[in-house]
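Q: Here you go, start-v4.cif (mmCIF, C-alpha atoms and all ligand atoms):
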data_upload
#
loop_
_atom_site.label_atom_id
_atom_site.label_comp_id
_atom_site.auth_asym_id
_atom_site.auth_seq_id
_atom_site.Cartn_x
_atom_site.Cartn_y
_atom_site.Cartn_z
CA MET A 1369 -19.66 12.51 10.98
CA THR A 1370 -18.58 9.20 12.44
CA ALA A 1371 -15.34 7.74 11.28
CA LEU A 1372 -14.60 5.77 8.18
CA GLU A 1373 -13.66 2.28 9.29
CA ILE A 1374 -10.35 1.07 7.87
CA THR A 1375 -9.35 -2.51 8.73
CA PRO A 1376 -6.61 -4.77 7.35
CA ILE A 1377 -7.67 -8.34 6.51
CA PRO A 1378 -4.67 -10.71 6.41
CA LEU A 1379 -4.68 -13.03 3.38
CA LEU A 1380 -2.30 -15.65 1.96
CA SER A 1381 1.04 -15.60 3.78
CA ASP A 1382 1.72 -11.86 3.93
CA ASN A 1383 -0.93 -9.96 1.93
CA TYR A 1384 -3.44 -7.48 3.27
CA ALA A 1385 -6.80 -6.66 1.80
CA TRP A 1386 -8.26 -3.48 3.30
CA LEU A 1387 -11.86 -3.10 4.35
CA ILE A 1388 -13.12 0.48 3.97
CA ARG A 1389 -16.55 1.15 5.38
CA ASP A 1390 -18.84 4.12 5.89
CA VAL A 1391 -20.56 2.71 8.95
CA ASP A 1392 -23.52 5.13 8.98
CA GLN A 1393 -24.35 4.68 5.32
CA ASP A 1394 -23.56 0.95 5.34
CA VAL A 1395 -21.24 1.14 2.35
CA THR A 1396 -18.36 -1.35 2.30
CA VAL A 1397 -15.53 -1.86 -0.16
CA VAL A 1398 -12.44 -4.08 -0.08
CA VAL A 1399 -9.07 -3.13 -1.56
CA ASP A 1400 -6.83 -5.76 -3.18
CA PRO A 1401 -8.37 -9.12 -2.21
CA SER A 1402 -5.87 -11.91 -3.04
CA GLU A 1403 -8.51 -14.52 -2.42
CA ALA A 1404 -12.27 -14.48 -2.00
CA ALA A 1405 -13.18 -17.14 0.59
CA PRO A 1406 -11.65 -15.54 3.72
CA VAL A 1407 -13.09 -12.15 2.75
CA VAL A 1408 -16.54 -13.62 2.16
CA ALA A 1409 -16.35 -15.39 5.53
CA TYR A 1410 -15.21 -12.19 7.26
CA LEU A 1411 -18.02 -10.11 5.72
CA ARG A 1412 -20.72 -12.74 6.33
CA GLN A 1413 -19.67 -13.07 9.94
CA ARG A 1414 -20.16 -9.33 10.37
CA HIS A 1415 -23.40 -9.41 8.34
CA LEU A 1416 -22.00 -7.00 5.76
CA ARG A 1417 -22.60 -6.93 2.06
CA LEU A 1418 -19.85 -5.78 -0.29
CA ASP A 1419 -20.42 -2.86 -2.65
CA ALA A 1420 -17.14 -2.89 -4.55
CA VAL A 1421 -13.65 -4.28 -4.91
CA LEU A 1422 -10.90 -1.70 -5.52
CA ASN A 1423 -7.66 -2.89 -7.13
CA THR A 1424 -4.42 -0.91 -6.91
CA HIS A 1425 -2.76 -3.03 -9.60
CA HIS A 1426 -3.19 -6.16 -11.66
CA HIS A 1427 -1.01 -8.69 -9.79
CA PRO A 1428 -2.83 -11.93 -8.85
CA ASP A 1429 -2.08 -11.48 -5.15
CA HIS A 1430 -4.21 -8.29 -5.33
CA THR A 1431 -6.95 -9.39 -7.72
CA GLY A 1432 -7.28 -13.15 -7.12
CA GLY A 1433 -10.49 -12.64 -5.12
CA ASN A 1434 -12.21 -10.37 -7.65
CA LEU A 1435 -14.44 -12.90 -9.37
CA GLY A 1436 -15.32 -14.84 -6.22
CA LEU A 1437 -16.40 -11.66 -4.46
CA LYS A 1438 -18.36 -10.51 -7.49
CA GLU A 1439 -20.14 -13.84 -7.53
CA ALA A 1440 -20.86 -13.77 -3.79
CA PHE A 1441 -22.03 -10.15 -3.53
CA GLY A 1442 -22.68 -8.87 -7.07
CA CYS A 1443 -20.21 -6.08 -6.33
CA HIS A 1444 -18.42 -3.93 -8.87
CA ILE A 1445 -14.71 -4.27 -9.65
CA ILE A 1446 -12.87 -0.96 -9.81
CA GLY A 1447 -9.31 -0.46 -11.05
CA ALA A 1448 -7.01 1.30 -13.47
CA GLU A 1449 -8.45 1.80 -16.94
CA ALA A 1450 -4.90 1.29 -18.27
CA ASP A 1451 -5.01 -2.27 -16.94
CA ARG A 1452 -8.47 -3.15 -18.26
CA HIS A 1453 -6.93 -6.00 -20.27
CA ARG A 1454 -5.35 -7.60 -17.21
CA ILE A 1455 -7.54 -6.82 -14.19
CA VAL A 1456 -9.90 -9.74 -13.96
CA GLY A 1457 -13.60 -8.76 -13.91
CA LEU A 1458 -12.97 -5.00 -14.16
CA ASP A 1459 -16.23 -3.02 -14.42
CA ARG A 1460 -15.14 0.58 -14.00
CA GLY A 1461 -11.74 1.89 -15.09
CA LEU A 1462 -10.21 4.88 -13.34
CA VAL A 1463 -7.55 7.35 -14.39
CA GLU A 1464 -5.44 9.97 -12.62
CA GLY A 1465 -7.65 12.69 -11.17
CA ASP A 1466 -10.82 10.59 -10.99
CA THR A 1467 -12.65 10.34 -7.68
CA TYR A 1468 -14.26 7.33 -6.07
CA ARG A 1469 -16.82 7.58 -3.28
CA VAL A 1470 -17.28 5.22 -0.36
CA GLY A 1471 -20.51 6.52 1.16
CA ARG A 1472 -19.82 10.11 2.25
CA PHE A 1473 -16.05 9.72 1.86
CA THR A 1474 -14.28 10.57 -1.36
CA ALA A 1475 -10.96 9.18 -2.57
CA LYS A 1476 -8.89 10.81 -5.26
CA VAL A 1477 -7.20 8.48 -7.72
CA ILE A 1478 -3.54 9.08 -8.45
CA ALA A 1479 -1.35 7.19 -10.91
CA ILE A 1480 1.78 5.83 -9.22
CA PRO A 1481 3.66 3.75 -11.82
CA GLY A 1482 6.84 1.86 -10.96
CA HIS A 1483 5.96 -1.51 -9.42
CA THR A 1484 3.62 -1.91 -12.39
CA LEU A 1485 2.87 0.67 -15.08
CA GLY A 1486 -0.85 0.82 -14.35
CA HIS A 1487 -0.51 1.08 -10.56
CA ILE A 1488 -2.90 3.53 -8.88
CA ALA A 1489 -3.53 4.71 -5.32
CA PHE A 1490 -6.74 5.80 -3.60
CA VAL A 1491 -6.17 8.92 -1.49
CA PHE A 1492 -8.72 9.92 1.15
CA THR A 1493 -8.27 13.29 2.83
CA GLU A 1494 -10.97 13.16 5.52
CA PRO A 1495 -9.87 11.00 7.27
CA ALA A 1496 -6.41 11.02 5.67
CA ALA A 1497 -5.47 7.58 4.34
CA VAL A 1498 -3.80 6.25 1.22
CA PHE A 1499 -4.25 2.76 -0.24
CA CYS A 1500 -1.01 2.34 -2.15
CA GLY A 1501 -0.75 -1.39 -2.91
CA ASP A 1502 2.85 -2.43 -3.62
CA THR A 1503 4.34 1.04 -4.21
CA LEU A 1504 5.10 2.34 -0.72
CA PHE A 1505 5.51 -0.27 2.00
CA SER A 1506 6.12 0.32 5.66
CA LEU A 1507 9.93 0.81 5.76
CA GLY A 1508 10.28 -0.23 2.12
CA CYS A 1509 8.92 -0.01 -1.41
CA GLY A 1510 7.80 -2.40 -4.12
CA ARG A 1511 10.07 -3.98 -6.68
CA LEU A 1512 10.36 -2.35 -10.08
CA PHE A 1513 8.70 -5.02 -12.20
CA GLU A 1514 7.58 -2.73 -15.01
CA GLY A 1515 8.55 0.86 -14.35
CA SER A 1516 11.83 2.76 -14.25
CA PRO A 1517 13.55 4.11 -11.12
CA GLU A 1518 12.52 7.61 -12.28
CA GLN A 1519 8.86 6.61 -12.40
CA MET A 1520 9.00 4.91 -9.01
CA TRP A 1521 10.81 7.81 -7.38
CA THR A 1522 8.24 10.25 -8.76
CA SER A 1523 5.43 8.04 -7.46
CA LEU A 1524 6.99 7.66 -4.02
CA SER A 1525 7.57 11.42 -3.88
CA ARG A 1526 3.88 12.05 -4.53
CA LEU A 1527 2.95 9.74 -1.66
CA ALA A 1528 5.58 11.34 0.58
CA ALA A 1529 4.06 14.77 -0.12
CA LEU A 1530 0.70 13.79 1.39
CA PRO A 1531 -0.03 15.23 4.86
CA PRO A 1532 2.15 13.50 7.50
CA ALA A 1533 -0.86 12.13 9.40
CA THR A 1534 -2.05 10.24 6.30
CA LEU A 1535 -2.39 6.53 7.08
CA VAL A 1536 -0.30 4.36 4.76
CA CYS A 1537 -2.36 1.25 3.97
CA CYS A 1538 -0.07 -0.98 1.91
CA GLY A 1539 -0.49 -4.41 0.36
CA HIS A 1540 1.88 -6.57 2.39
CA GLU A 1541 3.17 -7.30 5.87
CA TYR A 1542 6.84 -6.84 4.98
CA THR A 1543 7.77 -4.42 7.75
CA ALA A 1544 10.05 -6.68 9.81
CA ALA A 1545 12.11 -7.78 6.80
CA ASN A 1546 12.19 -4.18 5.53
CA ALA A 1547 13.42 -3.01 8.94
CA ALA A 1548 16.35 -5.44 8.80
CA PHE A 1549 17.46 -3.94 5.47
CA ALA A 1550 16.75 -0.35 6.50
CA LEU A 1551 18.97 -0.72 9.57
CA THR A 1552 21.89 -1.79 7.37
CA VAL A 1553 21.76 1.44 5.33
CA ASP A 1554 20.63 3.87 8.05
CA PRO A 1555 21.93 2.32 11.29
CA ASP A 1556 22.14 5.51 13.40
CA ASN A 1557 18.57 6.67 12.68
CA GLN A 1558 16.95 6.67 16.12
CA ALA A 1559 13.40 6.88 14.80
CA LEU A 1560 14.15 3.79 12.68
CA GLN A 1561 15.68 1.94 15.64
CA GLN A 1562 12.54 2.65 17.70
CA ARG A 1563 10.26 1.62 14.88
CA ALA A 1564 12.20 -1.64 14.33
CA LYS A 1565 11.81 -2.45 18.02
CA ALA A 1566 8.09 -1.70 18.00
CA VAL A 1567 7.66 -3.85 14.87
CA ALA A 1568 9.53 -6.78 16.43
CA GLU A 1569 7.22 -6.59 19.45
CA LEU A 1570 4.10 -6.52 17.28
CA ARG A 1571 5.28 -9.59 15.33
CA ALA A 1572 6.42 -11.61 18.38
CA GLY A 1573 4.06 -13.96 20.14
CA PRO A 1574 1.61 -16.62 19.00
CA VAL A 1575 -0.68 -14.19 17.13
CA PRO A 1576 1.48 -11.64 15.29
CA GLN A 1577 -0.19 -8.21 15.07
CA PRO A 1578 -0.28 -6.08 11.90
CA THR A 1579 2.41 -3.38 11.74
CA VAL A 1580 0.22 -1.37 9.38
CA PRO A 1581 -1.22 1.12 8.76
CA SER A 1582 1.86 3.25 9.06
CA SER A 1583 1.75 6.99 8.39
CA VAL A 1584 3.42 9.27 5.87
CA GLY A 1585 5.19 11.13 8.71
CA LEU A 1586 6.56 7.90 10.20
CA GLU A 1587 7.70 6.70 6.77
CA LEU A 1588 9.44 10.02 6.04
CA ALA A 1589 11.42 9.64 9.25
CA THR A 1590 12.27 5.95 8.96
CA ASN A 1591 11.90 4.57 5.42
CA PRO A 1592 15.24 4.77 3.55
CA PHE A 1593 13.41 4.69 0.19
CA LEU A 1594 11.84 8.07 1.04
CA ARG A 1595 15.16 9.54 2.20
CA PRO A 1596 17.84 8.17 -0.18
CA LEU A 1597 19.77 11.46 0.04
CA ALA A 1598 20.13 11.34 3.83
CA GLY A 1599 23.83 11.51 4.70
CA GLU A 1600 24.16 8.09 6.26
CA VAL A 1601 22.24 6.39 3.45
CA LEU A 1602 24.32 8.09 0.73
CA ARG A 1603 27.55 7.16 2.50
CA HIS A 1604 26.42 3.56 2.71
CA LEU A 1605 25.67 3.61 -1.03
CA LYS A 1606 29.14 5.11 -1.61
CA LEU A 1607 27.58 7.92 -3.64
CA PRO A 1608 28.74 11.56 -3.74
CA SER A 1609 26.64 14.15 -1.92
CA SER A 1610 25.87 15.76 -5.28
CA SER A 1611 23.91 12.66 -6.40
CA SER A 1612 20.33 13.07 -7.57
CA ALA A 1613 17.52 11.50 -5.58
CA THR A 1614 16.69 9.23 -8.53
CA VAL A 1615 20.24 7.88 -8.75
CA ALA A 1616 20.40 7.28 -5.00
CA PHE A 1617 16.94 5.68 -5.01
CA ALA A 1618 17.90 3.37 -7.90
CA ALA A 1619 21.09 2.28 -6.11
CA LEU A 1620 19.16 1.63 -2.91
CA ARG A 1621 16.50 -0.41 -4.71
CA GLN A 1622 19.22 -2.52 -6.41
CA LEU A 1623 20.88 -3.15 -3.07
CA LYS A 1624 17.58 -4.29 -1.58
CA ASP A 1625 16.97 -6.62 -4.54
CA ARG A 1626 20.16 -8.46 -3.58
CA PHE A 1627 19.66 -8.29 0.20
ZN ZN A 1701 2.28 -6.44 -6.75
FE FE A 1702 1.72 -7.81 -3.99
#
Represent the supplied structure as structure tokens.
Ligand code: ZN
Ligand code: FE

A:
Amino acid sequence: MTALEITPIPLLSDNYAWLIRDVDQDVTVVVDPSEAAPVVAYLRQRHLRLDAVLNTHHHPDHTGGNLGLKEAFGCHIIGAEADRHRIVGLDRGLVEGDTYRVGRFTAKVIAIPGHTLGHIAFVFTEPAAVFCGDTLFSLGCGRLFEGSPEQMWTSLSRLAALPPATLVCCGHEYTAANAAFALTVDPDNQALQQRAKAVAELRAGPVPQPTVPSSVGLELATNPFLRPLAGEVLRHLKLPSSSSATVAFAALRQLKDRF
């Protein structure tokens, strides 16, 4: 079976929509389009038609292109049933445990509340890739706009438990800014230092390159929000070693909000 194509499409100033395509079966979907026109242009240039839009959550910078793409391609809009009232153009609502097929490839839907309450992720196992919107970022995580630290920590833990080779396809190019913060709380982490250097190189030059997808394994080693109980991080937070992961995560998230 030939590979599933997974390609980030940069939109607005720092958003990514993700193209997912079963090349052999000519099935194409796009995750989280902020805007329609650049996606339409991209697809037309490649002579592709669009079968569906998948939304991870309701924010306008992830759904702004829904109606334009529906108009251009007659595609379906897929997203969380819980957000039916606020995902524009939603045709099919999904809940935890549902599956969604892109040609021969099947994604499992998991609920990952925290950034928003209705946030979902699409988890492919073969090949391993997760489309996680604004929940897990490369070297960071989303802000808690609607959910509690407990909810977000549970959601991040579910993503962290995916196989290490799983590609992390997130909604924004925030890696360089996240690296700057991560280095302040985990300065002696060599894997993080290396990653920060690699990220700086990718973003330097006239045409900055995407730093994503990342992988679950890389995030586990370098992302402070997945390792809030690591010694150095806890010391930086001035928390006792007996602290719970949720407490440490909440403190870390608050620190980042003020960074
Ligand atoms: Zn968002
Ligand atoms: Fe966003």

Q: Point out the residue among A:Tyr1542, A:Phe1627, A:Phe1473, A:Phe1441 with the least atom-to-atom distance to ligand FE 1702 (chain A), counting only C-alpha atoms and all ligand atoms.

A: A:Tyr1542

Q: Could I get the residue neighbourhood of ligand FE 1702 (chain A) at 10 Å, counting all atoms listed in the file, as a list in words?

A: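 Checking all atoms listed in the file against ligand FE 1702 (chain A) at 10 Å gives Asp1382, Asn1383, Tyr1384, Asp1400, Ser1402, Thr1424, His1425, His1426, His1427, Pro1428, Asp1429, His1430, Thr1431, His1483, Gly1501, Asp1502, Thr1503, Gly1510, Arg1511, Cys1538, Gly1539, His1540 and Glu1541 of chain A.
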
Q: What lies within 9 Å of Cys1443 in chain A using all atoms listed in the file, ignoring chain neighbours under 4 positions off, as a VMD selection string?

A: chain A and resid 1397 1417 to 1421 1437 to 1439

Q: For Gly1447 in chain A, please output as a list in words all residues within 6 Å (counting only C-alpha atoms; exclusion window: fewer than 6 positions along the same chain).

A: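 The contact residues come out as Leu1422, Asn1423, Gly1461 and Leu1462 of chain A.
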
Q: Looking at A:Leu1387, A:Ile1455, A:Val1580, A:Ala1545, which one is nearest to Gly1432 in chain A, with distances taken over all atoms listed in the file?

A: A:Ile1455

Q: Given only C-alpha atoms and all ligand atoms as the basis, pick out the residue of A:Thr1484, A:Gln1561, A:Ser1506, A:Ser1523 nearest to ligand ZN 1701 (chain A).

A: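 Of the candidates, the smallest distance to ligand ZN 1701 (chain A) is held by A:Thr1484.
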
Q: To one decimal in Å, tell me the separation between CA of Pro1555 in chain A and CA of Gly1599 in chain A.

A: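 Calculated distance between CA of Pro1555 in chain A and CA of Gly1599 in chain A is 11.5 Å.
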
Q: Env of Val1553 in chain A: 9 Å cut, atoms = all atoms listed in the file, seq-sep filter 4 positions within chain, self excluded. Answer as number ranges by chain.

A: A: 1549, 1592, 1600-1605, 1620

Q: If we count only C-alpha atoms, what is near Gly1457 in chain A at a cut-off of 9 Å, once residues fewer than 2 positions away on the same chain are taken out, given as a PyMOL selection string?

A: chain A and resi 1434-1435+1438+1444-1446+1452+1454-1455+1459

Q: Reconstruct N, CA and C atoms of range 1437-1448 of chain A; output as a PDB file, in the coordinates of the input.

A:
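The new file result24.pdb reads:
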ATOM      1  N   LEU A1437     -15.652 -12.669  -5.215  1.00  0.00           N
ATOM      2  CA  LEU A1437     -16.400 -11.660  -4.460  1.00  0.00           C
ATOM      3  C   LEU A1437     -17.557 -11.106  -5.289  1.00  0.00           C
ATOM      4  N   LYS A1438     -17.300 -10.978  -6.593  1.00  0.00           N
ATOM      5  CA  LYS A1438     -18.360 -10.510  -7.490  1.00  0.00           C
ATOM      6  C   LYS A1438     -19.511 -11.517  -7.498  1.00  0.00           C
ATOM      7  N   GLU A1439     -19.130 -12.787  -7.519  1.00  0.00           N
ATOM      8  CA  GLU A1439     -20.140 -13.840  -7.530  1.00  0.00           C
ATOM      9  C   GLU A1439     -20.917 -13.860  -6.211  1.00  0.00           C
ATOM     10  N   ALA A1440     -20.222 -13.679  -5.105  1.00  0.00           N
ATOM     11  CA  ALA A1440     -20.860 -13.770  -3.790  1.00  0.00           C
ATOM     12  C   ALA A1440     -21.743 -12.556  -3.504  1.00  0.00           C
ATOM     13  N   PHE A1441     -21.331 -11.368  -3.945  1.00  0.00           N
ATOM     14  CA  PHE A1441     -22.030 -10.150  -3.530  1.00  0.00           C
ATOM     15  C   PHE A1441     -22.590  -9.318  -4.699  1.00  0.00           C
ATOM     16  N   GLY A1442     -22.252  -9.693  -5.934  1.00  0.00           N
ATOM     17  CA  GLY A1442     -22.680  -8.870  -7.070  1.00  0.00           C
ATOM     18  C   GLY A1442     -22.044  -7.488  -7.059  1.00  0.00           C
ATOM     19  N   CYS A1443     -20.864  -7.395  -6.459  1.00  0.00           N
ATOM     20  CA  CYS A1443     -20.210  -6.080  -6.330  1.00  0.00           C
ATOM     21  C   CYS A1443     -19.502  -5.693  -7.625  1.00  0.00           C
ATOM     22  N   HIS A1444     -19.165  -4.419  -7.719  1.00  0.00           N
ATOM     23  CA  HIS A1444     -18.420  -3.930  -8.870  1.00  0.00           C
ATOM     24  C   HIS A1444     -16.920  -4.057  -8.636  1.00  0.00           C
ATOM     25  N   ILE A1445     -16.172  -4.227  -9.729  1.00  0.00           N
ATOM     26  CA  ILE A1445     -14.710  -4.270  -9.650  1.00  0.00           C
ATOM     27  C   ILE A1445     -14.180  -2.966 -10.243  1.00  0.00           C
ATOM     28  N   ILE A1446     -13.375  -2.269  -9.445  1.00  0.00           N
ATOM     29  CA  ILE A1446     -12.870  -0.960  -9.810  1.00  0.00           C
ATOM     30  C   ILE A1446     -11.353  -1.000  -9.882  1.00  0.00           C
ATOM     31  N   GLY A1447     -10.773  -0.465 -10.959  1.00  0.00           N
ATOM     32  CA  GLY A1447      -9.310  -0.460 -11.050  1.00  0.00           C
ATOM     33  C   GLY A1447      -8.856   0.456 -12.165  1.00  0.00           C
ATOM     34  N   ALA A1448      -7.569   0.397 -12.466  1.00  0.00           N
ATOM     35  CA  ALA A1448      -7.010   1.300 -13.470  1.00  0.00           C
ATOM     36  C   ALA A1448      -7.530   0.967 -14.865  1.00  0.00           C
TER      37      ALA A1448
END
